[in-house]
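The next block is run.cif, given as mmCIF, C-alpha atoms.
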data_structure
#
loop_
_atom_site.label_atom_id
_atom_site.label_comp_id
_atom_site.auth_asym_id
_atom_site.auth_seq_id
_atom_site.Cartn_x
_atom_site.Cartn_y
_atom_site.Cartn_z
CA MET A 1 0.00 0.00 0.00
CA GLY A 2 1.20 3.50 -0.78
CA GLU A 3 1.13 6.37 1.64
CA GLU A 4 -0.60 9.70 1.21
CA ALA A 5 1.49 12.26 -0.64
CA PRO A 6 2.72 15.25 1.35
CA GLU A 7 1.41 18.62 0.32
CA PHE A 8 3.53 20.29 -2.33
CA SER A 9 2.70 22.12 -5.49
CA GLN A 10 3.24 20.41 -8.86
CA ASP A 11 2.67 23.66 -10.75
CA GLY A 12 5.51 24.36 -13.11
CA LEU A 13 7.14 20.95 -12.51
CA ASP A 14 9.30 20.27 -15.56
CA GLU A 15 10.48 16.86 -16.74
CA VAL A 16 13.24 17.10 -14.17
CA SER A 17 13.13 19.38 -11.19
CA PRO A 18 15.28 19.67 -8.07
CA ILE A 19 13.26 19.51 -4.88
CA GLY A 20 16.18 20.83 -2.82
CA LEU A 21 16.77 20.26 0.85
CA ASP A 22 14.19 18.02 2.44
CA SER A 23 13.30 19.31 5.91
CA LYS A 24 12.49 15.80 7.12
CA SER A 25 15.52 13.95 5.82
CA GLY A 26 18.05 16.77 5.73
CA GLY A 27 19.09 15.59 2.27
CA TYR A 28 18.99 16.72 -1.33
CA GLN A 29 16.49 15.21 -3.75
CA THR A 30 15.53 15.47 -7.41
CA ALA A 31 12.17 14.64 -8.96
CA THR A 32 11.83 13.25 -12.49
CA VAL A 33 8.44 12.97 -14.18
CA VAL A 34 7.93 9.86 -16.30
CA GLY A 35 4.34 9.70 -17.52
CA GLU A 36 2.03 9.51 -14.52
CA LYS A 37 4.87 8.82 -12.09
CA ILE A 38 7.42 11.03 -10.36
CA PHE A 39 10.70 9.37 -9.42
CA VAL A 40 12.26 11.06 -6.40
CA VAL A 41 15.97 10.30 -6.00
CA GLY A 42 18.04 11.28 -2.98
CA GLY A 43 17.95 11.02 0.75
CA SER A 44 19.60 11.81 4.03
CA GLU A 45 23.20 12.06 5.14
CA ASP A 46 24.93 8.84 6.21
CA GLY A 47 28.23 10.35 7.35
CA GLU A 48 29.92 10.06 3.96
CA GLY A 49 27.42 12.03 1.89
CA LEU A 50 23.86 11.81 0.61
CA CYS A 51 22.45 8.33 0.03
CA PHE A 52 20.66 7.44 -3.20
CA SER A 53 17.24 6.28 -2.05
CA VAL A 54 14.37 6.07 -4.56
CA ARG A 55 10.65 6.75 -4.06
CA ILE A 56 7.85 6.87 -6.62
CA PHE A 57 4.80 9.15 -6.50
CA ASP A 58 1.88 8.00 -8.66
CA LYS A 59 -0.04 11.11 -9.78
CA SER A 60 -3.08 9.06 -10.78
CA THR A 61 -3.57 7.60 -7.29
CA GLY A 62 -1.84 10.20 -5.14
CA LYS A 63 0.18 7.44 -3.45
CA TRP A 64 3.87 6.99 -2.68
CA SER A 65 5.67 3.66 -3.07
CA VAL A 66 9.20 2.39 -2.48
CA PRO A 67 10.38 0.25 -5.43
CA THR A 68 12.62 -2.77 -5.41
CA VAL A 69 16.03 -1.38 -6.32
CA LEU A 70 18.30 -3.63 -8.41
CA GLY A 71 21.88 -3.20 -9.56
CA THR A 72 24.74 -1.56 -7.67
CA LYS A 73 23.77 1.92 -6.52
CA PRO A 74 26.22 4.85 -6.49
CA ALA A 75 28.27 5.63 -3.42
CA PRO A 76 27.02 8.58 -1.33
CA CYS A 77 27.95 12.04 -2.61
CA LYS A 78 27.25 15.71 -1.84
CA GLY A 79 24.41 16.06 -4.33
CA HIS A 80 23.44 15.27 -7.88
CA SER A 81 21.65 16.42 -11.02
CA ALA A 82 19.03 14.40 -12.90
CA LEU A 83 17.83 14.32 -16.50
CA LEU A 84 15.29 12.05 -18.19
CA LEU A 85 16.60 10.08 -21.18
CA LYS A 86 13.68 8.04 -22.56
CA ASP A 87 13.60 4.85 -20.43
CA ARG A 88 16.21 5.87 -17.85
CA ILE A 89 17.25 8.83 -15.72
CA LEU A 90 20.75 10.22 -16.05
CA ILE A 91 22.22 10.93 -12.60
CA LEU A 92 25.29 13.16 -12.48
CA LYS A 93 27.05 13.09 -9.11
CA ARG A 94 28.54 16.25 -7.67
CA ASP A 95 32.13 16.40 -6.39
CA SER A 96 33.05 13.27 -8.31
CA LEU A 97 35.66 12.37 -10.90
CA LEU A 98 34.39 11.87 -14.44
CA ASP A 99 34.93 8.11 -14.26
CA ASP A 100 32.50 7.83 -11.35
CA CYS A 101 30.09 10.71 -11.81
CA THR A 102 27.76 9.29 -14.49
CA TRP A 103 25.06 6.83 -13.43
CA PHE A 104 21.73 5.70 -14.84
CA LEU A 105 18.55 4.83 -12.97
CA GLU A 106 16.60 2.57 -15.31
CA VAL A 107 12.84 3.00 -14.96
CA ASP A 108 11.35 1.42 -18.10
CA THR A 109 14.09 -0.59 -19.83
CA PRO A 110 13.47 -4.19 -21.00
CA PHE A 111 15.38 -5.47 -17.94
CA VAL A 112 13.23 -3.44 -15.56
CA ARG A 113 9.99 -4.50 -17.27
CA GLU A 114 11.01 -8.16 -17.10
CA GLN A 115 11.89 -7.88 -13.41
CA LYS A 116 8.55 -6.22 -12.69
CA LYS A 117 6.80 -9.30 -14.12
CA ILE A 118 8.99 -11.67 -12.11
CA LEU A 119 8.86 -9.81 -8.80
CA GLY A 120 5.32 -8.43 -9.10
CA THR A 121 6.28 -5.00 -7.77
CA GLU A 122 7.65 -1.64 -8.85
CA VAL A 123 11.27 -2.00 -9.93
CA VAL A 124 14.12 0.39 -10.77
CA ALA A 125 17.72 -0.54 -11.52
CA TRP A 126 21.05 1.26 -11.19
CA SER A 127 23.79 1.04 -13.81
CA LYS A 128 27.14 2.82 -13.87
CA GLY A 129 27.94 4.79 -17.02
CA VAL A 130 31.31 3.96 -18.60
CA LYS A 131 33.21 5.82 -21.29
CA GLY A 132 33.79 3.82 -24.49
CA ASP A 133 32.48 0.42 -25.51
CA GLY A 134 34.87 -1.89 -23.68
CA LEU A 135 35.98 -5.25 -25.04
CA LYS A 136 33.26 -7.78 -25.75
CA PRO A 137 33.36 -10.87 -23.54
CA VAL A 138 33.94 -14.15 -25.39
CA VAL A 139 31.66 -17.12 -24.78
CA ILE A 140 33.29 -20.42 -25.72
CA SER A 141 31.00 -23.44 -25.57
CA GLY A 142 31.14 -27.01 -26.74
CA PRO A 143 30.55 -30.56 -25.53
CA SER A 144 32.84 -32.18 -23.00
CA GLY A 145 35.92 -33.62 -24.69
CA VAL A 146 35.85 -31.31 -27.71
CA GLY A 147 39.05 -29.54 -26.65
CA LYS A 148 37.75 -26.11 -25.68
CA GLY A 149 39.73 -26.14 -22.43
CA THR A 150 42.96 -26.72 -24.36
CA LEU A 151 42.10 -23.92 -26.81
CA ILE A 152 41.39 -21.50 -23.97
CA SER A 153 44.67 -22.40 -22.25
CA LYS A 154 46.56 -21.68 -25.46
CA LEU A 155 44.87 -18.29 -25.73
CA MET A 156 45.69 -17.39 -22.14
CA ASN A 157 49.34 -18.47 -22.54
CA GLU A 158 49.88 -16.52 -25.77
CA PHE A 159 47.84 -13.45 -24.84
CA PRO A 160 48.00 -13.06 -21.03
CA ASN A 161 47.41 -9.29 -21.16
CA THR A 162 44.43 -9.54 -23.50
CA PHE A 163 42.20 -12.11 -21.83
CA GLY A 164 41.02 -12.75 -18.29
CA PHE A 165 38.66 -14.97 -16.35
CA SER A 166 35.87 -13.75 -14.11
CA VAL A 167 35.90 -14.69 -10.43
CA SER A 168 32.99 -17.01 -9.63
CA HIS A 169 30.70 -16.82 -6.60
CA THR A 170 30.16 -19.69 -4.18
CA THR A 171 28.33 -20.34 -0.94
CA ARG A 172 30.89 -22.85 0.35
CA ALA A 173 33.36 -21.87 3.03
CA PRO A 174 36.85 -20.72 1.97
CA ARG A 175 39.56 -23.35 2.06
CA GLU A 176 43.01 -22.76 3.50
CA LYS A 177 44.88 -19.97 1.66
CA GLU A 178 41.86 -19.09 -0.50
CA LYS A 179 41.23 -15.34 -0.68
CA ASP A 180 37.85 -13.69 -1.13
CA GLY A 181 37.67 -11.93 -4.49
CA VAL A 182 40.69 -13.80 -5.83
CA HIS A 183 39.83 -17.49 -5.87
CA TYR A 184 36.08 -16.98 -5.39
CA HIS A 185 33.62 -14.38 -4.20
CA PHE A 186 32.49 -16.12 -1.01
CA THR A 187 28.92 -15.33 -0.01
CA ASP A 188 26.03 -16.77 1.99
CA ARG A 189 23.23 -18.75 0.42
CA SER A 190 20.38 -16.30 1.11
CA THR A 191 22.30 -13.42 -0.50
CA MET A 192 23.22 -15.46 -3.57
CA GLU A 193 19.68 -16.79 -3.99
CA LYS A 194 18.36 -13.22 -3.82
CA ASP A 195 20.87 -12.10 -6.46
CA ILE A 196 19.89 -15.01 -8.69
CA ARG A 197 16.21 -14.00 -8.47
CA GLU A 198 17.17 -10.42 -9.36
CA GLY A 199 18.90 -11.51 -12.57
CA LYS A 200 22.47 -10.79 -11.48
CA PHE A 201 23.86 -14.19 -12.51
CA LEU A 202 24.55 -15.60 -15.97
CA GLU A 203 24.72 -19.20 -14.82
CA THR A 204 24.51 -21.12 -11.57
CA ALA A 205 24.92 -24.71 -10.44
CA GLN A 206 24.62 -26.66 -7.21
CA VAL A 207 27.56 -28.90 -6.37
CA HIS A 208 27.65 -30.98 -3.19
CA GLY A 209 25.01 -28.75 -1.61
CA ASN A 210 26.78 -25.47 -2.40
CA LEU A 211 25.87 -22.89 -5.03
CA TYR A 212 28.36 -21.75 -7.66
CA GLY A 213 27.78 -19.09 -10.29
CA THR A 214 29.10 -16.47 -12.69
CA SER A 215 27.74 -12.98 -12.06
CA ILE A 216 27.38 -10.20 -14.61
CA GLU A 217 29.31 -7.91 -12.24
CA ALA A 218 32.28 -10.31 -12.22
CA VAL A 219 32.39 -10.26 -16.04
CA GLU A 220 32.11 -6.46 -16.09
CA ALA A 221 35.02 -6.20 -13.65
CA VAL A 222 37.28 -8.01 -16.15
CA THR A 223 36.18 -5.62 -18.90
CA ASP A 224 36.82 -2.64 -16.58
CA SER A 225 40.40 -3.87 -16.13
CA GLY A 226 40.97 -3.58 -19.88
CA LYS A 227 40.87 -7.31 -20.59
CA ARG A 228 38.48 -9.46 -22.57
CA CYS A 229 36.60 -11.89 -20.35
CA ILE A 230 36.53 -15.52 -21.46
CA LEU A 231 33.44 -17.47 -20.41
CA ASP A 232 33.81 -21.24 -20.65
CA ILE A 233 30.16 -22.18 -20.25
CA ASP A 234 27.63 -24.65 -21.61
CA VAL A 235 24.86 -23.99 -24.12
CA GLN A 236 22.36 -23.03 -21.42
CA GLY A 237 24.84 -20.53 -20.02
CA ALA A 238 25.37 -19.13 -23.52
CA LYS A 239 21.62 -18.55 -23.76
CA SER A 240 21.70 -16.60 -20.50
CA VAL A 241 24.54 -14.42 -21.79
CA LYS A 242 22.63 -13.70 -25.00
CA ALA A 243 19.55 -12.68 -22.99
CA SER A 244 21.58 -10.45 -20.66
CA SER A 245 22.78 -6.86 -21.01
CA LEU A 246 26.26 -8.10 -21.97
CA GLU A 247 27.24 -7.81 -25.60
CA ALA A 248 29.35 -10.93 -26.05
CA MET A 249 30.86 -12.81 -28.98
CA SER A 250 29.81 -16.46 -28.85
CA ILE A 251 31.81 -19.33 -30.31
CA PHE A 252 30.81 -22.99 -30.43
CA ILE A 253 33.56 -25.62 -30.71
CA SER A 254 32.28 -28.73 -32.44
CA PRO A 255 33.95 -32.13 -32.93
CA PRO A 256 34.45 -33.37 -36.49
CA SER A 257 32.12 -36.27 -35.72
CA TYR A 258 30.27 -37.99 -32.91
CA GLU A 259 32.62 -40.97 -33.24
CA GLU A 260 35.70 -38.78 -32.85
CA LEU A 261 34.25 -37.17 -29.73
CA GLU A 262 33.61 -40.59 -28.18
CA LYS A 263 37.19 -41.60 -29.03
CA ARG A 264 38.57 -38.51 -27.28
CA LEU A 265 36.43 -39.00 -24.19
CA ARG A 266 37.56 -42.60 -23.80
CA ALA A 267 41.21 -41.68 -24.44
CA ARG A 268 41.17 -39.34 -21.44
CA GLY A 269 40.63 -42.31 -19.14
CA THR A 270 39.15 -40.10 -16.42
CA GLU A 271 35.49 -41.19 -16.54
CA THR A 272 33.62 -44.37 -15.83
CA GLU A 273 31.56 -45.97 -18.59
CA GLU A 274 28.41 -44.50 -17.09
CA GLN A 275 29.97 -41.04 -17.10
CA VAL A 276 31.12 -41.43 -20.70
CA GLN A 277 27.63 -42.41 -21.81
CA ARG A 278 26.07 -39.46 -19.96
CA ARG A 279 28.55 -37.03 -21.52
CA LEU A 280 27.84 -38.45 -24.98
CA ARG A 281 24.08 -38.06 -24.50
CA ASN A 282 24.57 -34.47 -23.38
CA ALA A 283 26.95 -33.85 -26.29
CA THR A 284 24.37 -34.97 -28.84
CA ALA A 285 21.86 -32.42 -27.57
CA GLU A 286 24.49 -29.65 -27.26
CA ILE A 287 25.84 -30.16 -30.78
CA GLU A 288 22.36 -30.17 -32.29
CA GLU A 289 21.35 -27.01 -30.42
CA GLY A 290 24.68 -25.27 -30.94
CA LYS A 291 24.59 -25.70 -34.71
CA SER A 292 20.91 -25.09 -35.40
CA SER A 293 19.63 -22.42 -33.02
CA GLY A 294 21.51 -19.37 -34.32
CA LEU A 295 22.72 -18.91 -30.76
CA PHE A 296 26.41 -18.70 -31.68
CA ASP A 297 28.18 -16.15 -33.84
CA HIS A 298 30.83 -18.62 -34.97
CA ILE A 299 31.07 -22.42 -35.16
CA LEU A 300 34.58 -23.92 -35.32
CA ILE A 301 35.32 -27.58 -36.06
CA ASN A 302 38.14 -28.95 -33.93
CA ASP A 303 39.47 -31.57 -36.34
CA ASP A 304 43.09 -30.50 -35.92
CA LEU A 305 44.00 -28.57 -32.75
CA GLU A 306 46.49 -26.15 -34.31
CA THR A 307 44.22 -25.39 -37.25
CA CYS A 308 41.26 -24.81 -34.94
CA TYR A 309 43.38 -22.57 -32.71
CA GLN A 310 44.46 -20.46 -35.68
CA ASN A 311 40.83 -20.16 -36.76
CA LEU A 312 39.90 -19.11 -33.23
CA LYS A 313 42.56 -16.38 -33.29
CA ASN A 314 41.33 -15.20 -36.67
CA VAL A 315 37.75 -14.94 -35.39
CA LEU A 316 39.00 -12.93 -32.40
CA GLY A 317 41.09 -10.64 -34.63
CA LEU A 318 44.36 -11.65 -32.98
CA ASN A 319 47.93 -11.72 -34.18
CA GLU A 320 51.29 -12.16 -32.49
CA SER A 321 51.63 -8.43 -31.67
CA SER A 322 48.15 -7.85 -30.28
CA ASP A 323 48.69 -8.85 -26.63
CA VAL A 324 48.01 -5.47 -25.06
CA SER A 325 45.64 -4.29 -22.38
CA ASN A 326 42.91 -2.02 -23.68
CA GLN A 327 42.15 -0.28 -20.39
CA THR A 328 41.12 3.32 -20.86
CA SER A 329 41.02 5.89 -18.11
CA THR A 330 39.37 9.25 -17.82
CA LYS A 331 41.67 12.03 -16.72
CA GLY A 332 41.14 13.21 -13.18
CA VAL A 333 38.68 15.95 -13.93
CA GLU A 334 36.35 16.52 -11.02
CA ILE A 335 32.75 17.61 -11.55
CA GLN A 336 32.17 19.92 -8.62
CA THR A 337 29.05 22.06 -8.10
CA CYS A 338 27.01 21.30 -11.20
CA HIS A 339 25.00 24.34 -12.31
CA SER A 340 22.94 22.94 -15.18
CA LEU A 341 22.23 20.14 -17.59
CA ALA A 342 20.58 20.43 -20.99
CA GLU A 343 19.91 17.73 -23.58
CA GLU A 344 19.55 17.97 -27.34
CA ASP A 345 19.98 15.29 -30.02
CA GLN A 346 21.15 12.76 -27.41
CA LYS A 347 23.94 15.05 -26.26
CA VAL A 348 23.89 16.36 -22.70
CA LEU A 349 25.60 19.68 -22.02
CA ILE A 350 27.11 19.78 -18.53
CA HIS A 351 27.71 23.29 -17.17
CA TYR A 352 29.52 23.19 -13.86
CA SER A 353 31.63 25.33 -11.57
CA SER A 354 35.02 24.44 -10.15
CA ASP A 355 36.97 26.16 -7.40
CA GLY A 356 39.56 28.55 -8.74
CA LEU A 357 38.10 28.78 -12.24
CA GLU A 358 36.51 32.07 -13.22
CA LYS A 359 35.35 31.60 -16.79
CA ALA A 360 32.25 29.51 -17.37
CA SER A 361 33.51 28.63 -20.85
CA ASN A 362 36.21 26.51 -19.24
CA ASN A 363 33.64 24.42 -17.37
CA LEU A 364 31.60 22.82 -20.11
CA PHE A 365 31.44 19.18 -21.12
CA VAL A 366 29.31 17.29 -23.60
CA LEU A 367 28.12 13.83 -22.64
CA ASP A 368 27.19 11.96 -25.82
CA VAL A 369 24.57 9.30 -25.01
CA SER A 370 23.66 8.40 -28.60
CA SER A 371 25.43 5.02 -28.53
CA LEU A 372 24.56 3.53 -25.16
CA LYS A 373 25.01 -0.23 -24.79
CA GLY A 374 24.40 -2.72 -22.03
CA GLY A 375 22.73 -1.60 -18.83
CA ALA A 376 21.57 -3.04 -15.52
CA PRO A 377 22.52 -5.17 -13.78
CA GLY A 378 25.85 -4.49 -15.52
CA ARG A 379 27.47 -1.32 -16.87
CA THR A 380 26.02 1.15 -19.38
CA ARG A 381 28.80 1.56 -21.91
CA GLY A 382 29.24 3.71 -25.00
CA LEU A 383 29.49 7.11 -23.34
CA ASN A 384 31.58 9.78 -25.01
CA VAL A 385 32.71 12.81 -23.00
CA TYR A 386 34.49 15.86 -24.37
CA ALA A 387 35.07 19.48 -23.39
CA ILE A 388 33.74 22.50 -25.31
CA ASP A 389 34.51 26.21 -25.14
CA THR A 390 31.08 27.70 -25.80
CA PHE A 391 27.63 27.09 -24.34
CA SER A 392 24.41 27.44 -26.26
CA ASN A 393 21.71 29.41 -24.49
CA LYS A 394 19.36 26.52 -23.68
CA SER A 395 17.16 25.96 -20.70
CA GLY A 396 18.65 23.52 -18.24
CA ILE A 397 18.23 21.95 -14.85
CA TYR A 398 19.56 24.22 -12.16
CA LEU A 399 20.78 23.28 -8.68
#
Turn this file's structure into structure tokens for me.
Amino acid sequence: MGEEAPEFSQDGLDEVSPIGLDSKSGGYQTATVVGEKIFVVGGSEDGEGLCFSVRIFDKSTGKWSVPTVLGTKPAPCKGHSALLLKDRILILKRDSLLDDCTWFLEVDTPFVREQKKILGTEVVAWSKGVKGDGLKPVVISGPSGVGKGTLISKLMNEFPNTFGFSVSHTTRAPREKEKDGVHYHFTDRSTMEKDIREGKFLETAQVHGNLYGTSIEAVEAVTDSGKRCILDIDVQGAKSVKASSLEAMSIFISPPSYEELEKRLRARGTETEEQVQRRLRNATAEIEEGKSSGLFDHILINDDLETCYQNLKNVLGLNESSDVSNQTSTKGVEIQTCHSLAEEDQKVLIHYSSDGLEKASNNLFVLDVSSLKGGAPGRTRGLNVYAIDTFSNKSGIYL
């Protein structure tokens, strides 16, 4: 049930309007109108800055509600600006470096709509804005025994600075010398089950009573480091990646024949006859689905290992001199007191002040949002930021 709305005038409320200091919370809030709903973002001090709470006011019913908030929300800051961009709200943090100041609160994206159906409640989702596209993760799938593990090892050995693996999550206890965030992300079962329901995982499995899984955040962290994340997952996992916000390249490694695959499995000498038969049954279904569903961008036949490896490198656009990290960083420009935002043709003009700078012309940036990719529960990539020397006389959002 919603609560009765407090008395305040909606006269003159633009698409985005700062509410200012809230006498009850002592914090700074912005209100963004999306159809019949007003999304109020902001809250009270927590010792480090203002928290990013979210409330929704439904103009048709006059009721307030608190939505389920998905994704990783921004760290507290000293204030923010807000601007509606179709199905999401751009949030620009004050007193933040450019590489951490741009966030998106998704209010009507496909991910949010899907989660509303699943959870049966109002849903919003946070996503951090990132400059540039980042390197696409690589999904490599194939039946057991096809040689994909060997191919991946060859890639990692030849191009150690180009590729990386994500760190999986598990609910089991750490073993001796295992470090959280290095060997696994260790978590409790209730937290992981909640994250699974909220769509934060690409794949999960239960092994000996413990949950294991690959999260979207773990894949994004590899991309943030400037490396290309390799995902060695099965066909079902590849489907989850395709349905997610990640833009990945998918490659299916197929054996030259069913008979050759059986020969390789038996040559390993690591499985019982029952296990071999189960793997062969699974392989039949995987090969059929991998080749016929249009799920994969590329299908490679591993008839000869070296030939298949060369074909894999060709598909990935690799050569002997391409083992470099592609990490990009934004120079340490700090967005301090932001005066205004204005949007035109998917370009947001940011007019801000900075201590010690007198000319407003030196404090203008353009945030190009015309090529956004991805989104919650991962990153929103494709941002382009550049400085300009002049400012068109447009109406903006003033703090």
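Across the structure, atom CA of A:Glu262 and atom CA of A:Gly145 are spaced 8.1 Å apart.
One finds atom CA of A:Val315 at 14.7 Å from atom CA of A:Phe159.
Atom to atom, atom CA of A:Ala238 and atom CA of A:Glu193 stand 20.5 Å apart.
The nearest approach to A:Leu367 among the residues A:Ala31, A:Val276, A:Val124, A:Leu83, with only C-alpha atoms taken into account, belongs to A:Leu83.
Within the 10 Å cut-off around A:Asp297, using all atoms listed in the file and omitting residues fewer than 2 positions from it on the same chain, the listed residues are Val139, Ala248, Met249, Ser250, Ile251, Phe252, Gly294, Leu295, Ile299 and Val315 of chain A.
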Store the residues picked out above, limited to C-alpha atoms, as a PDB file, in the frame of the given file.
ATOM      1  CA  VAL A 139      31.660 -17.120 -24.780  1.00  0.00           C
ATOM      2  CA  ALA A 248      29.350 -10.930 -26.050  1.00  0.00           C
ATOM      3  CA  MET A 249      30.860 -12.810 -28.980  1.00  0.00           C
ATOM      4  CA  SER A 250      29.810 -16.460 -28.850  1.00  0.00           C
ATOM      5  CA  ILE A 251      31.810 -19.330 -30.310  1.00  0.00           C
ATOM      6  CA  PHE A 252      30.810 -22.990 -30.430  1.00  0.00           C
ATOM      7  CA  GLY A 294      21.510 -19.370 -34.320  1.00  0.00           C
ATOM      8  CA  LEU A 295      22.720 -18.910 -30.760  1.00  0.00           C
ATOM      9  CA  ILE A 299      31.070 -22.420 -35.160  1.00  0.00           C
ATOM     10  CA  VAL A 315      37.750 -14.940 -35.390  1.00  0.00           C
TER      11      VAL A 315
END
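Using the PyMOL selection byres ((chain A and resi 346) around 7) on this structure selects Glu343, Glu344, Asp345, Lys347, Val348, Asp368, Val369 and Ser370 of chain A.
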Write out as JSON, numbers by chain the residues lying within 9 Å of A:Ala218, counting all atoms listed in the file and excluding same-chain residues fewer than 6 positions away. {"A": [165, 166, 167, 168, 169]}
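Comparing the minimum interatomic distances between A:Glu198 and each of A:Gly374, A:Gly71, A:Gly132, A:Pro110, counting all atoms listed in the file, we find that A:Gly71 sits nearest.
Counting only C-alpha atoms, the residue from A:Gly290, A:Gly120, A:Gly317, A:Gly164 that sits nearest to A:Pro137 is A:Gly164.
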Given the PyMOL selection byres ((chain A and resi 281-288) around 10), the residues it picks as an NGL selection string: :A and (141-146 or 234-236 or 252-255 or 258 or 261-262 or 275-280 or 289-293)
Restrict the selected residues to C-alpha atoms and save them as a PDB file, in the frame of the given file.
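Result file is again-v4.pdb:
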ATOM      1  CA  SER A 141      31.000 -23.440 -25.570  1.00  0.00           C
ATOM      2  CA  GLY A 142      31.140 -27.010 -26.740  1.00  0.00           C
ATOM      3  CA  PRO A 143      30.550 -30.560 -25.530  1.00  0.00           C
ATOM      4  CA  SER A 144      32.840 -32.180 -23.000  1.00  0.00           C
ATOM      5  CA  GLY A 145      35.920 -33.620 -24.690  1.00  0.00           C
ATOM      6  CA  VAL A 146      35.850 -31.310 -27.710  1.00  0.00           C
ATOM      7  CA  ASP A 234      27.630 -24.650 -21.610  1.00  0.00           C
ATOM      8  CA  VAL A 235      24.860 -23.990 -24.120  1.00  0.00           C
ATOM      9  CA  GLN A 236      22.360 -23.030 -21.420  1.00  0.00           C
ATOM     10  CA  PHE A 252      30.810 -22.990 -30.430  1.00  0.00           C
ATOM     11  CA  ILE A 253      33.560 -25.620 -30.710  1.00  0.00           C
ATOM     12  CA  SER A 254      32.280 -28.730 -32.440  1.00  0.00           C
ATOM     13  CA  PRO A 255      33.950 -32.130 -32.930  1.00  0.00           C
ATOM     14  CA  TYR A 258      30.270 -37.990 -32.910  1.00  0.00           C
ATOM     15  CA  LEU A 261      34.250 -37.170 -29.730  1.00  0.00           C
ATOM     16  CA  GLU A 262      33.610 -40.590 -28.180  1.00  0.00           C
ATOM     17  CA  GLN A 275      29.970 -41.040 -17.100  1.00  0.00           C
ATOM     18  CA  VAL A 276      31.120 -41.430 -20.700  1.00  0.00           C
ATOM     19  CA  GLN A 277      27.630 -42.410 -21.810  1.00  0.00           C
ATOM     20  CA  ARG A 278      26.070 -39.460 -19.960  1.00  0.00           C
ATOM     21  CA  ARG A 279      28.550 -37.030 -21.520  1.00  0.00           C
ATOM     22  CA  LEU A 280      27.840 -38.450 -24.980  1.00  0.00           C
ATOM     23  CA  GLU A 289      21.350 -27.010 -30.420  1.00  0.00           C
ATOM     24  CA  GLY A 290      24.680 -25.270 -30.940  1.00  0.00           C
ATOM     25  CA  LYS A 291      24.590 -25.700 -34.710  1.00  0.00           C
ATOM     26  CA  SER A 292      20.910 -25.090 -35.400  1.00  0.00           C
ATOM     27  CA  SER A 293      19.630 -22.420 -33.020  1.00  0.00           C
TER      28      SER A 293
END
Nearby residues (all atoms listed in the file) at most 12 Å from A:Gln115, same-chain spacing under 3 positions excluded, as a VMD selection string: chain A and resid 67 to 71 106 to 112 118 to 125 196 to 200 376 to 377
Evaluate the PyMOL selection byres ((chain A and resi 104) around 7) and report residues as a PDB file with C-alpha atoms, in the coordinates of the input:
ATOM      1  CA  ARG A  88      16.210   5.870 -17.850  1.00  0.00           C
ATOM      2  CA  ILE A  89      17.250   8.830 -15.720  1.00  0.00           C
ATOM      3  CA  LEU A  90      20.750  10.220 -16.050  1.00  0.00           C
ATOM      4  CA  ILE A  91      22.220  10.930 -12.600  1.00  0.00           C
ATOM      5  CA  TRP A 103      25.060   6.830 -13.430  1.00  0.00           C
ATOM      6  CA  LEU A 105      18.550   4.830 -12.970  1.00  0.00           C
ATOM      7  CA  GLU A 106      16.600   2.570 -15.310  1.00  0.00           C
ATOM      8  CA  TRP A 126      21.050   1.260 -11.190  1.00  0.00           C
ATOM      9  CA  SER A 127      23.790   1.040 -13.810  1.00  0.00           C
ATOM     10  CA  LYS A 128      27.140   2.820 -13.870  1.00  0.00           C
ATOM     11  CA  GLY A 129      27.940   4.790 -17.020  1.00  0.00           C
TER      12      GLY A 129
END
